[in-house]
Amino acid sequence: MSTATTASVSTHILDTSIGRPAEGVAITLTARSGGGAEWVTLGGSKTDADGRCKDLPALPEGTTHVRLDFETETYFLNKHRADKNNSENKAEAQQDAPRVRDSGAFFPEVAITFAVVPGEHFHVPLLLNPFGYSVYRGS
């Protein structure tokens, strides 16, 4: 195993409540080398118009665990404000499901922690809506 080979990470977010990418979600990347090691914040970015975060920092050599922290509350607050000004929400007001109140999201943040292997790429998409989320290892 080459010591110069490290794992790499990418992500994107799809807002499944509207079937579109989630733009402007802040993401922080942290990593550690071993289960008992301290988490080190490597940096962060925001999703672009395609819901992708193309400029996450590189992982240091020896990284074994990675955590992606998604700040979803601000995204949903901004989306809720835009929706209030949009007349298309009349149909939503008639649905039985309760609207998201106060924070704009049931999950104000989403933290995904996963193990990595040197030399492999890990794409971790987040499928997001105001009341839930799902993640998986993509390609």
# chains A, B, ... in the order shown; residues from 1 in each chain; ligands from 1
>>> residues_around(residues="Val9 in chain A", least_positions_apart="3", cutoff="7 Å", atoms="only C-alpha atoms", output="PDB file with N, CA and C atoms, in the first residue's frame")
ATOM      1  N   HIS A 121     -12.434   6.103  -3.895  1.00  0.00           N
ATOM      2  CA  HIS A 121     -13.253   7.313  -3.888  1.00  0.00           C
ATOM      3  C   HIS A 121     -14.602   6.982  -3.254  1.00  0.00           C
ATOM      4  N   PHE A 122     -15.087   7.865  -2.404  1.00  0.00           N
ATOM      5  CA  PHE A 122     -16.356   7.673  -1.712  1.00  0.00           C
ATOM      6  C   PHE A 122     -17.285   8.825  -2.055  1.00  0.00           C
ATOM      7  N   HIS A 123     -18.326   8.515  -2.842  1.00  0.00           N
ATOM      8  CA  HIS A 123     -19.343   9.501  -3.180  1.00  0.00           C
ATOM      9  C   HIS A 123     -20.551   9.209  -2.303  1.00  0.00           C
TER      10      HIS A 123
END
>>> closest_residue(among="A:Gly138, A:Pro108, A:Gly43, A:Pro130", to="Ile18 in chain A", atoms="only C-alpha atoms")
A:Pro130
>>> residues_around(residues="Gly44 in chain A", least_positions_apart="6", cutoff="10 Å", atoms="only C-alpha atoms", output="CSV table (one decimal) with N, CA, C and O atoms, in the first residue's frame")
chain,number,residue,atom,x,y,z
A,26,ALA,N,-24.6,24.4,3.3
A,26,ALA,CA,-23.2,24.4,3.8
A,26,ALA,C,-22.8,23.0,4.3
A,26,ALA,O,-23.6,22.3,4.9
A,27,ILE,N,-21.6,22.6,4.0
A,27,ILE,CA,-21.1,21.2,4.3
A,27,ILE,C,-19.8,21.4,5.0
A,27,ILE,O,-18.9,22.1,4.4
A,28,THR,N,-19.6,20.7,6.1
A,28,THR,CA,-18.3,20.7,6.8
A,28,THR,C,-17.7,19.3,6.7
A,28,THR,O,-18.4,18.3,7.0
A,29,LEU,N,-16.4,19.1,6.4
A,29,LEU,CA,-15.8,17.9,6.3
A,29,LEU,C,-14.8,17.7,7.4
A,29,LEU,O,-13.9,18.6,7.6
A,30,THR,N,-14.9,16.6,8.2
A,30,THR,CA,-14.0,16.3,9.3
A,30,THR,C,-13.5,14.9,9.1
A,30,THR,O,-14.2,14.1,8.4
A,53,CYS,N,-21.1,19.4,-4.4
A,53,CYS,CA,-20.0,20.1,-3.6
A,53,CYS,C,-18.7,19.6,-4.2
A,53,CYS,O,-18.2,18.6,-3.9
A,55,ASP,N,-15.7,21.1,-4.3
A,55,ASP,CA,-14.4,21.6,-3.8
A,55,ASP,C,-14.1,21.3,-2.3
A,55,ASP,O,-13.6,22.0,-1.6
A,56,LEU,N,-14.6,20.1,-1.9
A,56,LEU,CA,-14.2,19.6,-0.6
A,56,LEU,C,-12.7,19.4,-0.4
A,56,LEU,O,-12.1,19.0,-1.4
A,57,PRO,N,-12.2,19.7,0.7
A,57,PRO,CA,-10.7,19.5,0.9
A,57,PRO,C,-10.3,18.0,0.8
A,57,PRO,O,-11.1,17.1,1.0
A,68,LEU,N,-19.4,14.0,7.2
A,68,LEU,CA,-19.9,15.2,6.5
A,68,LEU,C,-21.1,15.7,7.3
A,68,LEU,O,-22.0,15.0,7.7
A,69,ASP,N,-21.0,17.0,7.6
A,69,ASP,CA,-22.0,17.7,8.4
A,69,ASP,C,-22.7,18.6,7.4
A,69,ASP,O,-22.1,19.6,6.9
A,70,PHE,N,-24.0,18.4,7.2
A,70,PHE,CA,-24.9,19.2,6.3
A,70,PHE,C,-25.7,20.1,7.1
A,70,PHE,O,-26.5,19.7,8.0
>>> select_by_dssp(residues="range 6-85 of chain A", states="strand (DSSP E)", output="PyMOL selection string")
chain A and resi 8-15+20-21+26-32+40-46+52-53+65-71
>>> atom_distance(atom1="CA of Pro60 in chain A", atom2="CA of Val40 in chain A")
10.1 Å
>>> closest_residue(among="A:Ser139, A:Thr11, A:His65, A:Phe106", to="Arg52 in chain A", atoms="only C-alpha atoms")
A:Thr11
>>> residues_around(residues="Leu128 in chain A", least_positions_apart="6", cutoff="8 Å", atoms="only C-alpha atoms", output="number ranges by chain")
A: 13-17, 134
